[in-house]
Amino acid sequence: MEFRQFRYILKIAEEGTLSLAAKKLYISQPSLSQLLAAQEKKIGAPLFDRGGARLTPTAVGRLYLETARSIIALDEAFHQQVDDCVHGAAGDVTLGLTQFRSTHLLAPMLPAFRAKYPKITLHLREDTTYRLEELATTNEVDCIISLLPVSEHRFVYDVLFEERLLLALPPAHPMCTTLGLVPGARENIPSVPLAALRETPFLLMHREQKLHDTLFSLCEAAGFLPQITLETRSMNTAHALAGAGLGAAILPETLIAAAPPAHPPCYAAIEGDPHRTIILARAKKRYLPRAVDIFRTELQAFCAK
């Protein structure tokens with residue numbers, strides 16, 4: 001079997017239809033259909049169930065796709081190792097991360113990294129936290145900036161830093177008056193038991209972001225289910241909406257410090273002082289190219305500062 005066939009059939013599985021896959025591959029749909037039919041004839045079994053609106057892999061198809069990904073990964077690892085031996089500190093790094101990390105972590109680091117390693121090219125894939133883990137598992141990215149916990153059966157990781165979670169309250173919230181909180185102030189802020197906010201509406205992050213689960217787990221530990229007033233994919237939006245009075249939000253201190261909105265909310269620490277751990281993770285058994293290893297070392301040194 002040829003690598004071209006592997007890649008074409010993987011694209012069919014990714015897109016779910018022959019027409020979309022053919023468009024992405026810049027070939028005609030009849031040509032792609034013939035290639036798939038030839039492979040199925042050679043294997044002796046259908047690779048996709050054609051009964052629904054989307055093509056879904058059969059049991060044999062799932063085995064084929066898993067094998068194709070493994071073979072392509074081995075081929076890429078071989079060529080990368082050869083390239084490392086020949087060219088040294090050069091190559092490509094494909095990094096998965098959220099837009100927030102791209103803006104507030106990577107942007108300050110990249111100018112010095114680019115000056116030091118001009119022959120290393122960095123490619124960014126921005127997505128939600130859980131989607132990034134899928135991209136790493138399928139070898140679509142070399143590594144991801146993510147959060148603990150991750151599956152230790154699927155990933156190896158390096159810890160980059162810890163960030164504290166804070167409570168962002170609408171300035172008109174009664175607790176702000178009770179505690180004497182000043183909008184935007186982050187020094188010497190008091191701790192608040194989360195149970196005291198059981199009647200407060202909350203702003204919720206999308207379910208593909210780990211902060212979504214964090215809100216529910218912290219509120220569950222405090223003995224209540226949060227009232228949700230609005231859901232958003234953007235932590236910056238939740239931050240601004242808290243300041244505008246639409247609800248409370250649990251946000252990382254890193255964001256609060258880096259991107260204060262025009263009308264900031266009041267901040268309080270959460271009783272128990274919850275933190276989350278930022279990591280650089282990659283799929284287990286994936287070869288770590290020299291360029292990725294260099295980036296990993298530089299990112300750890302940057303975060304240590």
# chains A, B, ... in the order shown; residues from 1 in each chain; ligands from 1
>>> residues_around(residues="A:Phe3", least_positions_apart="5", cutoff="9 Å", atoms="only C-alpha atoms", output="number ranges by chain")
A: 8, 68, 71-72
>>> residues_around(residues="stretch 94-103 of chain A", least_positions_apart="4", cutoff="10 Å", atoms="only C-alpha atoms", output="PyMOL selection string")
chain A and resi 107-108+121-129+131-133+135-136+139-146+209+234-236+254-255+258-259+280-282+292+295
>>> residues_around(residues="stretch 187-194 of chain A", least_positions_apart="5", cutoff="10 Å", atoms="only C-alpha atoms", output="PDB file with N, CA and C atoms, in the first residue's frame")
ATOM      1  N   LEU A 166      -8.990  32.757  40.273  1.00  0.00           N
ATOM      2  CA  LEU A 166      -9.619  33.804  41.078  1.00  0.00           C
ATOM      3  C   LEU A 166     -11.087  33.949  40.701  1.00  0.00           C
ATOM      4  N   LEU A 167     -11.817  34.580  41.568  1.00  0.00           N
ATOM      5  CA  LEU A 167     -13.235  34.849  41.361  1.00  0.00           C
ATOM      6  C   LEU A 167     -13.382  36.279  40.857  1.00  0.00           C
ATOM      7  N   MET A 175     -21.512  41.166  47.778  1.00  0.00           N
ATOM      8  CA  MET A 175     -20.291  40.732  48.455  1.00  0.00           C
ATOM      9  C   MET A 175     -19.148  41.725  48.263  1.00  0.00           C
ATOM     10  N   LEU A 179     -17.177  43.104  51.503  1.00  0.00           N
ATOM     11  CA  LEU A 179     -15.739  42.874  51.660  1.00  0.00           C
ATOM     12  C   LEU A 179     -14.902  44.102  51.324  1.00  0.00           C
ATOM     13  N   GLY A 180     -15.552  45.172  50.859  1.00  0.00           N
ATOM     14  CA  GLY A 180     -14.812  46.374  50.500  1.00  0.00           C
ATOM     15  C   GLY A 180     -13.934  46.198  49.276  1.00  0.00           C
ATOM     16  N   LEU A 181     -14.401  45.402  48.306  1.00  0.00           N
ATOM     17  CA  LEU A 181     -13.614  45.141  47.105  1.00  0.00           C
ATOM     18  C   LEU A 181     -13.674  46.332  46.154  1.00  0.00           C
ATOM     19  N   VAL A 182     -12.547  46.610  45.523  1.00  0.00           N
ATOM     20  CA  VAL A 182     -12.439  47.711  44.559  1.00  0.00           C
ATOM     21  C   VAL A 182     -12.244  47.112  43.168  1.00  0.00           C
ATOM     22  N   LEU A 218     -15.685  22.694  41.271  1.00  0.00           N
ATOM     23  CA  LEU A 218     -15.498  23.539  42.454  1.00  0.00           C
ATOM     24  C   LEU A 218     -16.835  23.821  43.143  1.00  0.00           C
ATOM     25  N   CYS A 219     -17.874  24.085  42.342  1.00  0.00           N
ATOM     26  CA  CYS A 219     -19.199  24.346  42.936  1.00  0.00           C
ATOM     27  C   CYS A 219     -19.765  23.076  43.574  1.00  0.00           C
ATOM     28  N   GLU A 220     -19.534  21.933  42.935  1.00  0.00           N
ATOM     29  CA  GLU A 220     -20.001  20.665  43.515  1.00  0.00           C
ATOM     30  C   GLU A 220     -19.322  20.413  44.857  1.00  0.00           C
ATOM     31  N   ALA A 221     -18.014  20.699  44.939  1.00  0.00           N
ATOM     32  CA  ALA A 221     -17.289  20.529  46.204  1.00  0.00           C
ATOM     33  C   ALA A 221     -17.813  21.481  47.271  1.00  0.00           C
ATOM     34  N   ALA A 222     -18.367  22.637  46.822  1.00  0.00           N
ATOM     35  CA  ALA A 222     -18.926  23.607  47.762  1.00  0.00           C
ATOM     36  C   ALA A 222     -20.383  23.311  48.101  1.00  0.00           C
ATOM     37  N   GLY A 223     -20.963  22.281  47.454  1.00  0.00           N
ATOM     38  CA  GLY A 223     -22.306  21.829  47.817  1.00  0.00           C
ATOM     39  C   GLY A 223     -23.447  22.425  47.019  1.00  0.00           C
ATOM     40  N   PHE A 224     -23.178  22.941  45.816  1.00  0.00           N
ATOM     41  CA  PHE A 224     -24.289  23.473  45.021  1.00  0.00           C
ATOM     42  C   PHE A 224     -23.979  23.349  43.533  1.00  0.00           C
ATOM     43  N   CYS A 266     -14.617  43.034  40.232  1.00  0.00           N
ATOM     44  CA  CYS A 266     -13.916  42.926  41.514  1.00  0.00           C
ATOM     45  C   CYS A 266     -13.357  41.504  41.617  1.00  0.00           C
ATOM     46  N   TYR A 267     -12.198  41.374  42.235  1.00  0.00           N
ATOM     47  CA  TYR A 267     -11.551  40.072  42.343  1.00  0.00           C
ATOM     48  C   TYR A 267     -11.480  39.620  43.794  1.00  0.00           C
ATOM     49  N   ALA A 268     -11.660  38.308  43.960  1.00  0.00           N
ATOM     50  CA  ALA A 268     -11.506  37.693  45.280  1.00  0.00           C
ATOM     51  C   ALA A 268     -10.838  36.340  45.095  1.00  0.00           C
ATOM     52  N   ALA A 269     -10.074  35.944  46.101  1.00  0.00           N
ATOM     53  CA  ALA A 269      -9.514  34.595  46.095  1.00  0.00           C
ATOM     54  C   ALA A 269     -10.628  33.618  46.461  1.00  0.00           C
ATOM     55  N   ILE A 270     -10.453  32.367  46.072  1.00  0.00           N
ATOM     56  CA  ILE A 270     -11.436  31.330  46.383  1.00  0.00           C
ATOM     57  C   ILE A 270     -10.910  30.513  47.544  1.00  0.00           C
ATOM     58  N   GLU A 271     -11.751  30.286  48.508  1.00  0.00           N
ATOM     59  CA  GLU A 271     -11.338  29.506  49.688  1.00  0.00           C
ATOM     60  C   GLU A 271     -10.804  28.141  49.249  1.00  0.00           C
ATOM     61  N   GLY A 272      -9.647  27.771  49.744  1.00  0.00           N
ATOM     62  CA  GLY A 272      -8.983  26.550  49.320  1.00  0.00           C
ATOM     63  C   GLY A 272      -7.895  26.819  48.295  1.00  0.00           C
ATOM     64  N   ASP A 273      -7.889  28.063  47.747  1.00  0.00           N
ATOM     65  CA  ASP A 273      -6.854  28.532  46.819  1.00  0.00           C
ATOM     66  C   ASP A 273      -6.611  27.555  45.660  1.00  0.00           C
TER      67      ASP A 273
END
>>> closest_residue(among="A:Leu74, A:Ile294, A:Leu230, A:Ala172", to="A:Gly243", atoms="only C-alpha atoms")
A:Ala172
>>> select_by_dssp(residues="stretch 55-233 of chain A", states="helix (DSSP H, G or I)", output="number ranges by chain")
A: 59-87, 99-116, 129-137, 174-179, 194-197, 210-221
>>> residues_around(residues="stretch 4-6 of chain A", least_positions_apart="3", cutoff="10 Å", atoms="only C-alpha atoms", output="PDB file with N, CA, C and O atoms, in the first residue's frame")
ATOM      1  N   MET A   1       0.841  -1.199   0.000  1.00  0.00           N
ATOM      2  CA  MET A   1       0.000   0.000   0.000  1.00  0.00           C
ATOM      3  C   MET A   1       0.875   1.247   0.000  1.00  0.00           C
ATOM      4  O   MET A   1       1.909   1.283   0.654  1.00  0.00           O
ATOM      5  N   ILE A   9      -7.279   8.184   2.130  1.00  0.00           N
ATOM      6  CA  ILE A   9      -8.362   7.530   2.883  1.00  0.00           C
ATOM      7  C   ILE A   9      -8.489   8.142   4.278  1.00  0.00           C
ATOM      8  O   ILE A   9      -9.597   8.264   4.822  1.00  0.00           O
ATOM      9  N   LEU A  10      -7.388   8.579   4.862  1.00  0.00           N
ATOM     10  CA  LEU A  10      -7.467   9.314   6.130  1.00  0.00           C
ATOM     11  C   LEU A  10      -8.259  10.615   5.943  1.00  0.00           C
ATOM     12  O   LEU A  10      -9.040  11.002   6.822  1.00  0.00           O
ATOM     13  N   LYS A  11      -8.079  11.278   4.827  1.00  0.00           N
ATOM     14  CA  LYS A  11      -8.811  12.517   4.557  1.00  0.00           C
ATOM     15  C   LYS A  11     -10.305  12.234   4.370  1.00  0.00           C
ATOM     16  O   LYS A  11     -11.151  13.023   4.820  1.00  0.00           O
ATOM     17  N   LEU A  32     -11.167   9.861  -6.584  1.00  0.00           N
ATOM     18  CA  LEU A  32     -11.060   9.445  -5.188  1.00  0.00           C
ATOM     19  C   LEU A  32     -11.945   8.236  -4.917  1.00  0.00           C
ATOM     20  O   LEU A  32     -11.557   7.315  -4.184  1.00  0.00           O
ATOM     21  N   LEU A  35     -10.168   5.189  -6.217  1.00  0.00           N
ATOM     22  CA  LEU A  35      -9.071   4.800  -5.337  1.00  0.00           C
ATOM     23  C   LEU A  35      -9.595   4.037  -4.111  1.00  0.00           C
ATOM     24  O   LEU A  35      -9.052   3.002  -3.725  1.00  0.00           O
ATOM     25  N   LEU A  36     -10.684   4.540  -3.513  1.00  0.00           N
ATOM     26  CA  LEU A  36     -11.268   3.876  -2.353  1.00  0.00           C
ATOM     27  C   LEU A  36     -11.789   2.491  -2.737  1.00  0.00           C
ATOM     28  O   LEU A  36     -11.549   1.508  -2.015  1.00  0.00           O
ATOM     29  N   GLN A  39      -8.949   0.025  -3.131  1.00  0.00           N
ATOM     30  CA  GLN A  39      -8.395  -0.400  -1.847  1.00  0.00           C
ATOM     31  C   GLN A  39      -9.305  -1.404  -1.153  1.00  0.00           C
ATOM     32  O   GLN A  39      -8.845  -2.400  -0.592  1.00  0.00           O
ATOM     33  N   TYR A  64      -7.729  -0.144   9.513  1.00  0.00           N
ATOM     34  CA  TYR A  64      -6.957   0.444   8.413  1.00  0.00           C
ATOM     35  C   TYR A  64      -6.465   1.837   8.792  1.00  0.00           C
ATOM     36  O   TYR A  64      -5.289   2.172   8.602  1.00  0.00           O
ATOM     37  N   LEU A  65      -7.367   2.676   9.333  1.00  0.00           N
ATOM     38  CA  LEU A  65      -7.008   4.057   9.683  1.00  0.00           C
ATOM     39  C   LEU A  65      -5.948   4.093  10.769  1.00  0.00           C
ATOM     40  O   LEU A  65      -4.996   4.884  10.709  1.00  0.00           O
ATOM     41  N   THR A  67      -3.742   1.780  11.436  1.00  0.00           N
ATOM     42  CA  THR A  67      -2.477   1.327  10.840  1.00  0.00           C
ATOM     43  C   THR A  67      -1.873   2.409   9.951  1.00  0.00           C
ATOM     44  O   THR A  67      -0.655   2.647   9.981  1.00  0.00           O
ATOM     45  N   ALA A  68      -2.713   3.083   9.176  1.00  0.00           N
ATOM     46  CA  ALA A  68      -2.227   4.144   8.287  1.00  0.00           C
ATOM     47  C   ALA A  68      -1.570   5.258   9.086  1.00  0.00           C
ATOM     48  O   ALA A  68      -0.492   5.746   8.721  1.00  0.00           O
ATOM     49  N   ARG A  69      -2.206   5.654  10.176  1.00  0.00           N
ATOM     50  CA  ARG A  69      -1.623   6.720  11.010  1.00  0.00           C
ATOM     51  C   ARG A  69      -0.274   6.291  11.583  1.00  0.00           C
ATOM     52  O   ARG A  69       0.677   7.080  11.635  1.00  0.00           O
ATOM     53  N   ILE A  71       1.868   4.039  10.371  1.00  0.00           N
ATOM     54  CA  ILE A  71       2.888   3.942   9.317  1.00  0.00           C
ATOM     55  C   ILE A  71       3.358   5.330   8.894  1.00  0.00           C
ATOM     56  O   ILE A  71       4.563   5.576   8.729  1.00  0.00           O
ATOM     57  N   ILE A  72       2.416   6.259   8.740  1.00  0.00           N
ATOM     58  CA  ILE A  72       2.794   7.625   8.361  1.00  0.00           C
ATOM     59  C   ILE A  72       3.637   8.271   9.451  1.00  0.00           C
ATOM     60  O   ILE A  72       4.622   8.963   9.172  1.00  0.00           O
TER      61      ILE A  72
END
>>> closest_residue(among="A:Phe216, A:Ser28, A:Gly61, A:Lys23", to="A:Glu40", atoms="only C-alpha atoms")
A:Gly61
>>> residues_around(residues="A:Ala301", least_positions_apart="2", cutoff="12 Å", atoms="only C-alpha atoms", output="PyMOL selection string")
chain A and resi 109+113+158-161+294-299+303-305
>>> write_last_selection(atoms="C-alpha atoms", output="mmCIF file, in the first residue's frame")
data_model
loop_
_atom_site.group_PDB
_atom_site.id
_atom_site.type_symbol
_atom_site.label_atom_id
_atom_site.label_comp_id
_atom_site.auth_asym_id
_atom_site.auth_seq_id
_atom_site.Cartn_x
_atom_site.Cartn_y
_atom_site.Cartn_z
ATOM 1 C CA MET A 109 8.621 34.522 23.981
ATOM 2 C CA PHE A 113 13.397 32.468 20.143
ATOM 3 C CA ASP A 158 6.676 18.706 31.203
ATOM 4 C CA VAL A 159 5.251 21.093 33.793
ATOM 5 C CA LEU A 160 5.586 24.737 32.711
ATOM 6 C CA PHE A 161 4.021 26.655 35.617
ATOM 7 C CA ILE A 294 14.985 22.889 21.449
ATOM 8 C CA PHE A 295 11.618 24.677 21.576
ATOM 9 C CA ARG A 296 10.622 22.650 24.640
ATOM 10 C CA THR A 297 13.822 23.629 26.489
ATOM 11 C CA GLU A 298 13.460 27.309 25.584
ATOM 12 C CA LEU A 299 9.772 27.414 26.589
ATOM 13 C CA CYS A 303 8.247 30.044 31.917
ATOM 14 C CA ALA A 304 10.754 29.612 34.775
ATOM 15 C CA LYS A 305 11.383 33.382 34.614
#
>>> residues_around(residues="A:Leu169", least_positions_apart="4", cutoff="7 Å", atoms="only C-alpha atoms", output="list in words")
His173, Ala242, Gly247, Ala248, Ala249, Pro265, Cys266 and Tyr267 of chain A
>>> write_last_selection(atoms="all heavy atoms", output="PDB file, in the first residue's frame")
ATOM      1  N   HIS A 173     -22.194  43.487  42.939  1.00  0.00           N
ATOM      2  CA  HIS A 173     -22.543  42.329  43.751  1.00  0.00           C
ATOM      3  C   HIS A 173     -22.455  42.691  45.235  1.00  0.00           C
ATOM      4  O   HIS A 173     -21.502  43.365  45.668  1.00  0.00           O
ATOM      5  CB  HIS A 173     -21.583  41.177  43.446  1.00  0.00           C
ATOM      6  CG  HIS A 173     -22.041  39.849  43.974  1.00  0.00           C
ATOM      7  ND1 HIS A 173     -21.958  39.498  45.309  1.00  0.00           N
ATOM      8  CD2 HIS A 173     -22.599  38.779  43.339  1.00  0.00           C
ATOM      9  CE1 HIS A 173     -22.435  38.277  45.461  1.00  0.00           C
ATOM     10  NE2 HIS A 173     -22.828  37.823  44.290  1.00  0.00           N
ATOM     11  N   ALA A 242     -18.179  39.902  33.259  1.00  0.00           N
ATOM     12  CA  ALA A 242     -18.218  39.989  34.723  1.00  0.00           C
ATOM     13  C   ALA A 242     -18.105  41.443  35.154  1.00  0.00           C
ATOM     14  O   ALA A 242     -18.817  41.908  36.061  1.00  0.00           O
ATOM     15  CB  ALA A 242     -17.095  39.153  35.336  1.00  0.00           C
ATOM     16  N   GLY A 247     -22.576  38.542  35.445  1.00  0.00           N
ATOM     17  CA  GLY A 247     -22.440  37.339  36.255  1.00  0.00           C
ATOM     18  C   GLY A 247     -21.033  37.207  36.794  1.00  0.00           C
ATOM     19  O   GLY A 247     -20.126  37.967  36.429  1.00  0.00           O
ATOM     20  N   ALA A 248     -20.843  36.221  37.670  1.00  0.00           N
ATOM     21  CA  ALA A 248     -19.527  35.938  38.221  1.00  0.00           C
ATOM     22  C   ALA A 248     -18.802  34.955  37.313  1.00  0.00           C
ATOM     23  O   ALA A 248     -19.420  34.238  36.526  1.00  0.00           O
ATOM     24  CB  ALA A 248     -19.659  35.363  39.625  1.00  0.00           C
ATOM     25  N   ALA A 249     -17.480  34.918  37.415  1.00  0.00           N
ATOM     26  CA  ALA A 249     -16.692  33.990  36.610  1.00  0.00           C
ATOM     27  C   ALA A 249     -15.483  33.536  37.411  1.00  0.00           C
ATOM     28  O   ALA A 249     -14.981  34.267  38.267  1.00  0.00           O
ATOM     29  CB  ALA A 249     -16.236  34.644  35.309  1.00  0.00           C
ATOM     30  N   PRO A 265     -14.003  43.779  36.726  1.00  0.00           N
ATOM     31  CA  PRO A 265     -14.812  43.312  37.855  1.00  0.00           C
ATOM     32  C   PRO A 265     -14.030  43.461  39.157  1.00  0.00           C
ATOM     33  O   PRO A 265     -12.896  43.957  39.159  1.00  0.00           O
ATOM     34  CB  PRO A 265     -15.037  41.832  37.522  1.00  0.00           C
ATOM     35  CG  PRO A 265     -13.825  41.454  36.727  1.00  0.00           C
ATOM     36  CD  PRO A 265     -13.419  42.668  35.960  1.00  0.00           C
ATOM     37  N   CYS A 266     -14.617  43.034  40.232  1.00  0.00           N
ATOM     38  CA  CYS A 266     -13.916  42.926  41.514  1.00  0.00           C
ATOM     39  C   CYS A 266     -13.357  41.504  41.617  1.00  0.00           C
ATOM     40  O   CYS A 266     -13.986  40.556  41.155  1.00  0.00           O
ATOM     41  CB  CYS A 266     -14.858  43.195  42.681  1.00  0.00           C
ATOM     42  SG  CYS A 266     -15.472  44.902  42.729  1.00  0.00           S
ATOM     43  N   TYR A 267     -12.198  41.374  42.235  1.00  0.00           N
ATOM     44  CA  TYR A 267     -11.551  40.072  42.343  1.00  0.00           C
ATOM     45  C   TYR A 267     -11.480  39.620  43.794  1.00  0.00           C
ATOM     46  O   TYR A 267     -11.267  40.419  44.710  1.00  0.00           O
ATOM     47  CB  TYR A 267     -10.142  40.127  41.760  1.00  0.00           C
ATOM     48  CG  TYR A 267     -10.103  40.604  40.333  1.00  0.00           C
ATOM     49  CD1 TYR A 267      -9.504  41.815  40.010  1.00  0.00           C
ATOM     50  CD2 TYR A 267     -10.683  39.862  39.306  1.00  0.00           C
ATOM     51  CE1 TYR A 267      -9.470  42.274  38.705  1.00  0.00           C
ATOM     52  CE2 TYR A 267     -10.660  40.313  37.994  1.00  0.00           C
ATOM     53  CZ  TYR A 267     -10.051  41.525  37.699  1.00  0.00           C
ATOM     54  OH  TYR A 267     -10.033  41.981  36.413  1.00  0.00           O
TER      55      TYR A 267
END
>>> decode(residues="stretch 212-222 of chain A", atoms="all heavy atoms", output="PDB file, in the first residue's frame")
ATOM      1  N   HIS A 212     -14.595  24.925  31.953  1.00  0.00           N
ATOM      2  CA  HIS A 212     -16.011  24.523  32.040  1.00  0.00           C
ATOM      3  C   HIS A 212     -16.185  23.497  33.152  1.00  0.00           C
ATOM      4  O   HIS A 212     -17.018  23.668  34.062  1.00  0.00           O
ATOM      5  CB  HIS A 212     -16.438  23.947  30.694  1.00  0.00           C
ATOM      6  CG  HIS A 212     -17.830  23.378  30.664  1.00  0.00           C
ATOM      7  ND1 HIS A 212     -18.141  22.142  31.197  1.00  0.00           N
ATOM      8  CD2 HIS A 212     -18.986  23.868  30.145  1.00  0.00           C
ATOM      9  CE1 HIS A 212     -19.428  21.900  31.015  1.00  0.00           C
ATOM     10  NE2 HIS A 212     -19.963  22.929  30.379  1.00  0.00           N
ATOM     11  N   ASP A 213     -15.381  22.425  33.126  1.00  0.00           N
ATOM     12  CA  ASP A 213     -15.482  21.383  34.144  1.00  0.00           C
ATOM     13  C   ASP A 213     -15.016  21.884  35.507  1.00  0.00           C
ATOM     14  O   ASP A 213     -15.529  21.461  36.545  1.00  0.00           O
ATOM     15  CB  ASP A 213     -14.636  20.168  33.737  1.00  0.00           C
ATOM     16  CG  ASP A 213     -15.177  19.496  32.483  1.00  0.00           C
ATOM     17  OD1 ASP A 213     -16.355  19.722  32.147  1.00  0.00           O
ATOM     18  OD2 ASP A 213     -14.415  18.745  31.843  1.00  0.00           O
ATOM     19  N   THR A 214     -14.037  22.804  35.496  1.00  0.00           N
ATOM     20  CA  THR A 214     -13.518  23.335  36.763  1.00  0.00           C
ATOM     21  C   THR A 214     -14.601  24.045  37.547  1.00  0.00           C
ATOM     22  O   THR A 214     -14.719  23.871  38.765  1.00  0.00           O
ATOM     23  CB  THR A 214     -12.346  24.295  36.488  1.00  0.00           C
ATOM     24  OG1 THR A 214     -11.294  23.576  35.850  1.00  0.00           O
ATOM     25  CG2 THR A 214     -11.820  24.904  37.780  1.00  0.00           C
ATOM     26  N   LEU A 215     -15.415  24.861  36.860  1.00  0.00           N
ATOM     27  CA  LEU A 215     -16.493  25.573  37.551  1.00  0.00           C
ATOM     28  C   LEU A 215     -17.434  24.586  38.232  1.00  0.00           C
ATOM     29  O   LEU A 215     -17.760  24.735  39.423  1.00  0.00           O
ATOM     30  CB  LEU A 215     -17.269  26.448  36.563  1.00  0.00           C
ATOM     31  CG  LEU A 215     -18.538  27.113  37.134  1.00  0.00           C
ATOM     32  CD1 LEU A 215     -18.188  28.094  38.231  1.00  0.00           C
ATOM     33  CD2 LEU A 215     -19.335  27.805  36.023  1.00  0.00           C
ATOM     34  N   PHE A 216     -17.848  23.558  37.513  1.00  0.00           N
ATOM     35  CA  PHE A 216     -18.797  22.601  38.085  1.00  0.00           C
ATOM     36  C   PHE A 216     -18.173  21.793  39.221  1.00  0.00           C
ATOM     37  O   PHE A 216     -18.822  21.535  40.230  1.00  0.00           O
ATOM     38  CB  PHE A 216     -19.342  21.687  36.994  1.00  0.00           C
ATOM     39  CG  PHE A 216     -20.385  22.328  36.142  1.00  0.00           C
ATOM     40  CD1 PHE A 216     -20.072  22.790  34.871  1.00  0.00           C
ATOM     41  CD2 PHE A 216     -21.685  22.496  36.592  1.00  0.00           C
ATOM     42  CE1 PHE A 216     -21.033  23.399  34.075  1.00  0.00           C
ATOM     43  CE2 PHE A 216     -22.658  23.099  35.804  1.00  0.00           C
ATOM     44  CZ  PHE A 216     -22.322  23.557  34.539  1.00  0.00           C
ATOM     45  N   SER A 217     -16.910  21.396  39.075  1.00  0.00           N
ATOM     46  CA  SER A 217     -16.285  20.598  40.132  1.00  0.00           C
ATOM     47  C   SER A 217     -16.074  21.419  41.401  1.00  0.00           C
ATOM     48  O   SER A 217     -16.277  20.917  42.519  1.00  0.00           O
ATOM     49  CB  SER A 217     -14.961  20.000  39.644  1.00  0.00           C
ATOM     50  OG  SER A 217     -14.042  21.014  39.310  1.00  0.00           O
ATOM     51  N   LEU A 218     -15.685  22.694  41.271  1.00  0.00           N
ATOM     52  CA  LEU A 218     -15.498  23.539  42.454  1.00  0.00           C
ATOM     53  C   LEU A 218     -16.835  23.821  43.143  1.00  0.00           C
ATOM     54  O   LEU A 218     -16.922  23.789  44.380  1.00  0.00           O
ATOM     55  CB  LEU A 218     -14.819  24.848  42.066  1.00  0.00           C
ATOM     56  CG  LEU A 218     -13.338  24.766  41.694  1.00  0.00           C
ATOM     57  CD1 LEU A 218     -12.828  26.117  41.191  1.00  0.00           C
ATOM     58  CD2 LEU A 218     -12.492  24.300  42.879  1.00  0.00           C
ATOM     59  N   CYS A 219     -17.874  24.085  42.342  1.00  0.00           N
ATOM     60  CA  CYS A 219     -19.199  24.346  42.936  1.00  0.00           C
ATOM     61  C   CYS A 219     -19.765  23.076  43.574  1.00  0.00           C
ATOM     62  O   CYS A 219     -20.386  23.138  44.650  1.00  0.00           O
ATOM     63  CB  CYS A 219     -20.152  24.885  41.876  1.00  0.00           C
ATOM     64  SG  CYS A 219     -19.766  26.558  41.330  1.00  0.00           S
ATOM     65  N   GLU A 220     -19.534  21.933  42.935  1.00  0.00           N
ATOM     66  CA  GLU A 220     -20.001  20.665  43.515  1.00  0.00           C
ATOM     67  C   GLU A 220     -19.322  20.413  44.857  1.00  0.00           C
ATOM     68  O   GLU A 220     -19.969  19.986  45.820  1.00  0.00           O
ATOM     69  CB  GLU A 220     -19.699  19.520  42.561  1.00  0.00           C
ATOM     70  CG  GLU A 220     -20.190  18.161  43.054  1.00  0.00           C
ATOM     71  CD  GLU A 220     -19.849  17.026  42.100  1.00  0.00           C
ATOM     72  OE1 GLU A 220     -19.207  17.285  41.067  1.00  0.00           O
ATOM     73  OE2 GLU A 220     -20.231  15.874  42.410  1.00  0.00           O
ATOM     74  N   ALA A 221     -18.014  20.699  44.939  1.00  0.00           N
ATOM     75  CA  ALA A 221     -17.289  20.529  46.204  1.00  0.00           C
ATOM     76  C   ALA A 221     -17.813  21.481  47.271  1.00  0.00           C
ATOM     77  O   ALA A 221     -17.756  21.181  48.472  1.00  0.00           O
ATOM     78  CB  ALA A 221     -15.796  20.763  45.991  1.00  0.00           C
ATOM     79  N   ALA A 222     -18.367  22.637  46.822  1.00  0.00           N
ATOM     80  CA  ALA A 222     -18.926  23.607  47.762  1.00  0.00           C
ATOM     81  C   ALA A 222     -20.383  23.311  48.101  1.00  0.00           C
ATOM     82  O   ALA A 222     -20.993  24.018  48.911  1.00  0.00           O
ATOM     83  CB  ALA A 222     -18.797  25.014  47.189  1.00  0.00           C
TER      84      ALA A 222
END
